[in-house]
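These notes are about the structure you will find just below.
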There are 4 protein chains.
Amino acid sequence: MSEISSTPGRKRNPLIDEAILEATLDELAERGYLNLTMDAVARRAGVGRPTVYRRYPNKPALVLAACTSVAARHVPSPNTGSLGGDVEVLLADLTRVFTRTRAAQIVPALLSARDEHPELGAAAEAVWDERRRAMREVLEHARTRGEVDSNLDIEIAIDLLYGPLYLRLLVTQAPITGQLASGLADMALAGLTVRRAENGLEAKER
Amino acid sequence: MSEISSTPGRKRNPLIDEAILEATLDELAERGYLNLTMDAVARRAGVGRPTVYRRYPNKPALVLAACTSVAARHVPSPNTGSLGGDVEVLLADLTRVFTRTRAAQIVPALLSARDEHPELGAAAEAVWDERRRAMREVLEHARTRGEVDSNLDIEIAIDLLYGPLYLRLLVTQAPITGQLASGLADMALAGLTVRRAENGLEAKER
Amino acid sequence: MSEISSTPGRKRNPLIDEAILEATLDELAERGYLNLTMDAVARRAGVGRPTVYRRYPNKPALVLAACTSVAARHVPSPNTGSLGGDVEVLLADLTRVFTRTRAAQIVPALLSARDEHPELGAAAEAVWDERRRAMREVLEHARTRGEVDSNLDIEIAIDLLYGPLYLRLLVTQAPITGQLASGLADMALAGLTVRRAENGLEAKER
Amino acid sequence: MSEISSTPGRKRNPLIDEAILEATLDELAERGYLNLTMDAVARRAGVGRPTVYRRYPNKPALVLAACTSVAARHVPSPNTGSLGGDVEVLLADLTRVFTRTRAAQIVPALLSARDEHPELGAAAEAVWDERRRAMREVLEHARTRGEVDSNLDIEIAIDLLYGPLYLRLLVTQAPITGQLASGLADMALAGLTVRRAENGLEAKER
DNA sequence: TATTAATCGAGACGGTACGTCAAGTCTTCTA
DNA sequence: TAGAAGACTTGACGTACCGTCTCGATTAATA
């Protein structure tokens, strides 16, 4: 009795898979999503155009695949004992990703791809989900430690912590520095306003 | 004696200026930046294609112009007396803009246009500058009132307040509600962590 | 008391009429009919485009007018006493026109204009009518002198005499020289074949 | 050991080559060169516009190709034994082509194409070369038979024989009939003038 | 080991949008 | 009212990219 052959014929070359994704990321970084050409990707990967289309049905799908391939790489799960320390680690890491990697070009590209093919939206979430999950964990630990209010809406808190970095990356294009990240963490954790409680303390100090 | 006319020849029809921008915004809202066609804009404006090109040299320039035309419309300059009240007003207004107007489609479009032609970047800033200016003013007033620390980095504070809304609009596409805005304002102003000072206060009250 | 002017308003400047036609001929000679632009004509004449259109309804009409303006200038009406001499004069003059004037560019232009607007065909005939008339006259004189057969179809004869020059001008673009013209005249008048009658004569002379 | 394939990639569909040329000729005949549209040709050939441009870089090149494709089709090489008979055959055939085929539209189109892009001039010669070659052959045969003078300039003779038909086709647009062709042949071979030799014969007959 | 079938590079193909250019009309201002 | 400047509609031009297809050649499992 013979096994049902899984798939006869020549097998796909896995080196090509990698070359295509890498070429896509390079093109994305150099030229941006809108100026990225399927032909340029194929040429850069040393590959025929149909070889790309055999793997990804269209341009946004290719871009999405390239982005996700690079996204979920080693997000830290810090456990420094204090919320401040954990948040600091996470924001510093995102800062590193936004400045030391091609993410500055890749994230906008991903948004463009989703804009063109909305059904990719769900898949695109994977790119930032892992980071949100890490922050969620950190906040929940802080809650069990009593470091934050038990009624805290954690999703909004995540938005508050990550939002400014994305704002600078996508919108204002202001520089994203390590100093920014720690300043941001301090503000978010302590709040902007000088509180009555502190006034009370100051009063005591007099 | 007659003045030398500034520019001879037929004058441009200002109604056409408006019709083109309005048609661009409509197309942007309905079809998105990538599926927006110069021809569709021209047809919708009841205008020939070269008439569009006479005004804007290419697609991203047209889109930028349309976005800026709609951007700086009546940003409020609140003065409720408290930082909390002012911030609430500004975030509520941005929420309104993000949910009740075409901004949800227009802001991503603007980013795509800038992505395609990076030299438009500088001009694109005008779209959010007015809103940042309003928040800056509010924070400076709070500083003179002693409501915030005099060492506060105001630009980062602005990022902290606006960032989460842009994050939801552009990235996570989570709903943006009035409740979110006020929750956000509270968190940002008061901070995420339960502070020792409050504990002390509570202790005293017992 | 003032006379009621027959045509009120500013009078047309006749210098402009001439400038437009001259500019058209120049453009025709330099760039050819298809690459001639109404705008270029207007600019070259130092005139606004509508000023051209006020005189000629469209491009082929303008070109036709320019061609006819230059066409019927002094066609000779030779009367040397012999058909050979008269034909020689006419063909030599056409040779001169085809080589020393802009006719080499103008005649093809005229054909293109007629091709585009066939109703101009009748008017275009004026350009070569005068020359055909001159040749017709010469042939009729020869007939009354008995130099040609009284049954000769004169229209065909005209075609035979002028045809080769037009063929070179329009089709083969072979050089048109004075030597060509006289060789052509000889052939046409004497015929290509060596005739028996001449053999008979030679035989008698021995 | 395998041969190196001459040209990799998909082969061009030769049916499309033909369809494009045929569509071009049809459009030329129906609408003329100036009103011929690349888009109309493509649509008529059931083909995308870039497919036309892949073969021919622009409109005049396409028109030239279409004309040459139809030109050299079976020009007769008559050998009736007499120059008169041979010339009769060739002129009758050209008459047929000018009246029974699309040549009446195609030849002017070709001239327009050359007028627009002069560098096509050399290639355009192929269209009438074959016919001139045939006439040259006929005249050389007549020379070896002693039917024409050995000093006859054959190129001029060809112009003399073909010129009138082209003149009617292109310039005067007078009808081109079989009767015209034979009358023309007679005149060209015998000459227009009544010669002295004939007078001598007539004298003898008395 | 020969067959079989999918993969690969190259490139043709239909379609659609881009950005340019010219024709011909219309409007505004000046002389 | 003529004339100059130039905006305007229409529609063709030639280019670029997308996504599909066909071709010939190669490669790897199966028989």
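Following the order of the structure tokens, chains are lettered A, B, ..., residues in each are numbered from 1, and ligands are numbered from 1.
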(Q) Based on only C-alpha atoms (C1' of nucleotides), which of the residues in chain E come within 6 Å of chain D? I want them as a list in words. (A) DA10, DG11, DA12 and DG14 of chain E
Those residues you just picked out, can you put them in a file as a PDB file, in the first residue's frame with N, CA and C atoms (P, O5', C5', C4', C3', O3' and C1' of nucleotides)?
```pdb
ATOM      1  P    DA E  10      15.774  36.039 -15.495  1.00  0.00           P
ATOM      2  O5'  DA E  10      14.790  36.089 -16.742  1.00  0.00           O
ATOM      3  C5'  DA E  10      15.112  35.336 -17.908  1.00  0.00           C
ATOM      4  C4'  DA E  10      14.036  35.507 -18.958  1.00  0.00           C
ATOM      5  C3'  DA E  10      13.631  36.967 -19.232  1.00  0.00           C
ATOM      6  O3'  DA E  10      13.848  37.233 -20.596  1.00  0.00           O
ATOM      7  C1'  DA E  10      11.726  35.568 -18.960  1.00  0.00           C
ATOM      8  P    DG E  11      13.731  38.749 -21.156  1.00  0.00           P
ATOM      9  O5'  DG E  11      12.201  38.848 -21.577  1.00  0.00           O
ATOM     10  C5'  DG E  11      11.694  37.920 -22.527  1.00  0.00           C
ATOM     11  C4'  DG E  11      10.192  37.918 -22.481  1.00  0.00           C
ATOM     12  C3'  DG E  11       9.548  39.313 -22.604  1.00  0.00           C
ATOM     13  O3'  DG E  11       8.566  39.235 -23.594  1.00  0.00           O
ATOM     14  C1'  DG E  11       8.524  38.069 -20.962  1.00  0.00           C
ATOM     15  P    DA E  12       8.350  40.450 -24.603  1.00  0.00           P
ATOM     16  O5'  DA E  12       6.900  40.123 -25.175  1.00  0.00           O
ATOM     17  C5'  DA E  12       6.693  38.870 -25.792  1.00  0.00           C
ATOM     18  C4'  DA E  12       5.260  38.415 -25.563  1.00  0.00           C
ATOM     19  C3'  DA E  12       4.210  39.456 -25.941  1.00  0.00           C
ATOM     20  O3'  DA E  12       3.189  38.814 -26.664  1.00  0.00           O
ATOM     21  C1'  DA E  12       3.902  38.789 -23.683  1.00  0.00           C
ATOM     22  P    DG E  14      -3.624  41.633 -25.843  1.00  0.00           P
ATOM     23  O5'  DG E  14      -4.372  41.933 -24.462  1.00  0.00           O
ATOM     24  C5'  DG E  14      -5.342  41.012 -23.977  1.00  0.00           C
ATOM     25  C4'  DG E  14      -6.059  41.611 -22.785  1.00  0.00           C
ATOM     26  C3'  DG E  14      -6.763  42.943 -23.069  1.00  0.00           C
ATOM     27  O3'  DG E  14      -8.001  42.958 -22.366  1.00  0.00           O
ATOM     28  C1'  DG E  14      -5.125  43.262 -21.401  1.00  0.00           C
TER      29       DG E  14
END
```
Q: Do a neighbour search on Ser82 in chain B at 10 Å with only C-alpha atoms (C1' of nucleotides), toss out local chain neighbours closer than 6 positions, and write the hits as number ranges by chain.
A: B: 88, 138, 141-142, 145, 147
Those same residues, written as a short mmCIF file (atom, residue, chain, number, x, y, z; two decimals), in the first residue's frame with all heavy atoms?
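Wrote it out as out-v7.cif, contents follow:
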```cif
data_model
loop_
_atom_site.label_atom_id
_atom_site.label_comp_id
_atom_site.auth_asym_id
_atom_site.auth_seq_id
_atom_site.Cartn_x
_atom_site.Cartn_y
_atom_site.Cartn_z
N GLU B 88 -10.13 68.31 28.19
CA GLU B 88 -11.38 67.61 27.87
C GLU B 88 -12.00 68.17 26.60
O GLU B 88 -12.42 67.43 25.71
CB GLU B 88 -12.34 67.76 29.05
CG GLU B 88 -13.67 67.08 28.89
CD GLU B 88 -13.60 65.60 29.29
OE1 GLU B 88 -12.87 65.29 30.26
OE2 GLU B 88 -14.23 64.79 28.60
N VAL B 138 -2.98 75.72 26.03
CA VAL B 138 -3.69 75.25 27.22
C VAL B 138 -2.71 74.82 28.31
O VAL B 138 -2.89 75.12 29.49
CB VAL B 138 -4.63 74.09 26.81
CG1 VAL B 138 -4.92 73.18 27.97
CG2 VAL B 138 -5.93 74.66 26.21
N HIS B 141 -0.93 77.87 29.81
CA HIS B 141 -1.80 78.53 30.79
C HIS B 141 -1.77 77.79 32.11
O HIS B 141 -1.68 78.38 33.19
CB HIS B 141 -3.24 78.61 30.27
CG HIS B 141 -3.42 79.62 29.20
ND1 HIS B 141 -4.54 79.70 28.41
CD2 HIS B 141 -2.61 80.62 28.76
CE1 HIS B 141 -4.41 80.68 27.55
NE2 HIS B 141 -3.25 81.26 27.75
N ALA B 142 -1.85 76.45 32.03
CA ALA B 142 -1.83 75.65 33.27
C ALA B 142 -0.52 75.83 34.02
O ALA B 142 -0.49 75.85 35.25
CB ALA B 142 -2.05 74.18 32.92
N ARG B 145 -0.61 78.94 35.91
CA ARG B 145 -1.48 78.80 37.08
C ARG B 145 -0.86 77.89 38.12
O ARG B 145 -1.44 77.69 39.19
CB ARG B 145 -2.82 78.18 36.66
CG ARG B 145 -3.79 79.12 35.97
CD ARG B 145 -5.19 78.53 35.95
NE ARG B 145 -5.23 77.23 35.30
CZ ARG B 145 -5.56 77.02 34.03
NH1 ARG B 145 -5.89 78.05 33.25
NH2 ARG B 145 -5.57 75.82 33.51
N GLU B 147 -0.60 74.71 37.79
CA GLU B 147 -1.31 73.42 37.79
C GLU B 147 -0.40 72.27 37.35
O GLU B 147 -0.68 71.11 37.63
CB GLU B 147 -2.53 73.52 36.85
CG GLU B 147 -3.84 73.16 37.51
CD GLU B 147 -4.99 73.26 36.53
OE1 GLU B 147 -5.04 74.22 35.74
OE2 GLU B 147 -5.84 72.35 36.55
#
```
Check: which chain F residues lie within 8 Å of chain A using only C-alpha atoms (C1' of nucleotides), as a short mmCIF file (atom, residue, chain, number, x, y, z; two decimals) with N, CA and C atoms (P, O5', C5', C4', C3', O3' and C1' of nucleotides), in the first residue's frame:
```
data_model
loop_
_atom_site.label_atom_id
_atom_site.label_comp_id
_atom_site.auth_asym_id
_atom_site.auth_seq_id
_atom_site.Cartn_x
_atom_site.Cartn_y
_atom_site.Cartn_z
P DC F 17 7.26 51.47 -13.11
"O5'" DC F 17 6.05 50.62 -12.52
"C5'" DC F 17 5.05 51.25 -11.75
"C4'" DC F 17 3.80 50.40 -11.76
"C3'" DC F 17 4.05 48.93 -11.38
"O3'" DC F 17 3.46 48.70 -10.10
"C1'" DC F 17 2.55 49.16 -13.26
P DG F 19 -1.69 43.71 -7.97
"O5'" DG F 19 -2.08 42.48 -8.90
"C5'" DG F 19 -3.38 42.49 -9.49
"C4'" DG F 19 -3.47 41.48 -10.60
"C3'" DG F 19 -3.02 40.06 -10.23
"O3'" DG F 19 -4.02 39.17 -10.67
"C1'" DG F 19 -1.99 40.74 -12.22
P DT F 27 18.65 22.30 -12.25
"O5'" DT F 27 17.61 21.63 -11.25
"C5'" DT F 27 16.71 22.46 -10.54
"C4'" DT F 27 15.66 21.60 -9.88
"C3'" DT F 27 16.20 20.35 -9.18
"O3'" DT F 27 15.67 20.34 -7.88
"C1'" DT F 27 14.38 19.79 -10.55
P DA F 28 16.51 19.65 -6.70
"O5'" DA F 28 15.46 18.57 -6.19
"C5'" DA F 28 14.26 19.04 -5.60
"C4'" DA F 28 13.17 18.03 -5.83
"C3'" DA F 28 13.43 16.66 -5.17
"O3'" DA F 28 12.28 16.33 -4.43
"C1'" DA F 28 12.73 16.39 -7.39
P DA F 29 12.33 15.55 -3.07
"O5'" DA F 29 10.76 15.51 -2.72
"C5'" DA F 29 10.19 14.25 -2.47
"C4'" DA F 29 9.46 13.75 -3.71
"C3'" DA F 29 9.12 12.26 -3.60
"O3'" DA F 29 7.76 12.10 -3.31
"C1'" DA F 29 9.81 12.91 -5.81
P DT F 30 7.27 10.66 -2.80
"O5'" DT F 30 6.87 9.93 -4.16
"C5'" DT F 30 5.85 10.48 -4.98
"C4'" DT F 30 5.78 9.71 -6.28
"C3'" DT F 30 5.52 8.20 -6.11
"O3'" DT F 30 4.48 7.84 -6.98
"C1'" DT F 30 7.38 8.58 -7.55
#
```
Q: Write out as a list in words which residues come within 6 Å of range 157-170 of chain D when counting only C-alpha atoms (C1' of nucleotides), dropping same-chain ones fewer than 6 positions away.
A: Asp159, Leu160, Gly163, Pro164 and Leu167 of chain C
(Q) Just the number, please: Cα RMSD of chain B on chain D after least-squares superposition over all C-alpha atoms matched in order. (A)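 After least-squares fitting, the two copies differ by 0.3 Å C-alpha RMSD.
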Q: Determine which residues of chain A sit within 7 Å of chain B, taking into account only C-alpha atoms, and present them as a ChimeraX atom specification.
A: /A:32,34-35,112,116,147-149,156,159-160,163-164,166-167,184,187-194,197-198
Q | Which of range 9-198 of chain B DSSP labels helix (DSSP H, G or I), written as a VMD selection string | A | chain B and resid 14 to 31 38 to 44 49 to 55 59 to 71 83 to 100 103 to 116 118 to 124 126 to 144 154 to 172 178 to 190 196 to 198
Q | Gap from CA of Ala103 in chain C to CA of Gln179 in chain C - Å, one decimal | A | 19.3 Å
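As for CA of Leu90 in chain C and CA of Glu18 in chain C, they are spaced 28.5 Å apart.
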Q | Å distance separating CA of Thr177 in chain D from CA of Thr95 in chain D, one decimal place | A |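 CA of Thr95 in chain D lies at a distance of 6.7 Å from CA of Thr177 in chain D.
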Produce a table with one row for each residue of chain E that has an atom at most 8 Å from any atom of range 3-13 of chain F, each row naming the nearest atom pair and its distance in Å at one decimal; use only C-alpha atoms (C1' of nucleotides); arrange rows by chain and rising residue number; format as CSV.
```
residue,atom,partner,partner_atom,distance
E:DC21,C1',F:DC13,C1',7.9
E:DC26,C1',F:DC8,C1',7.6
E:DT27,C1',F:DA7,C1',8.0
```
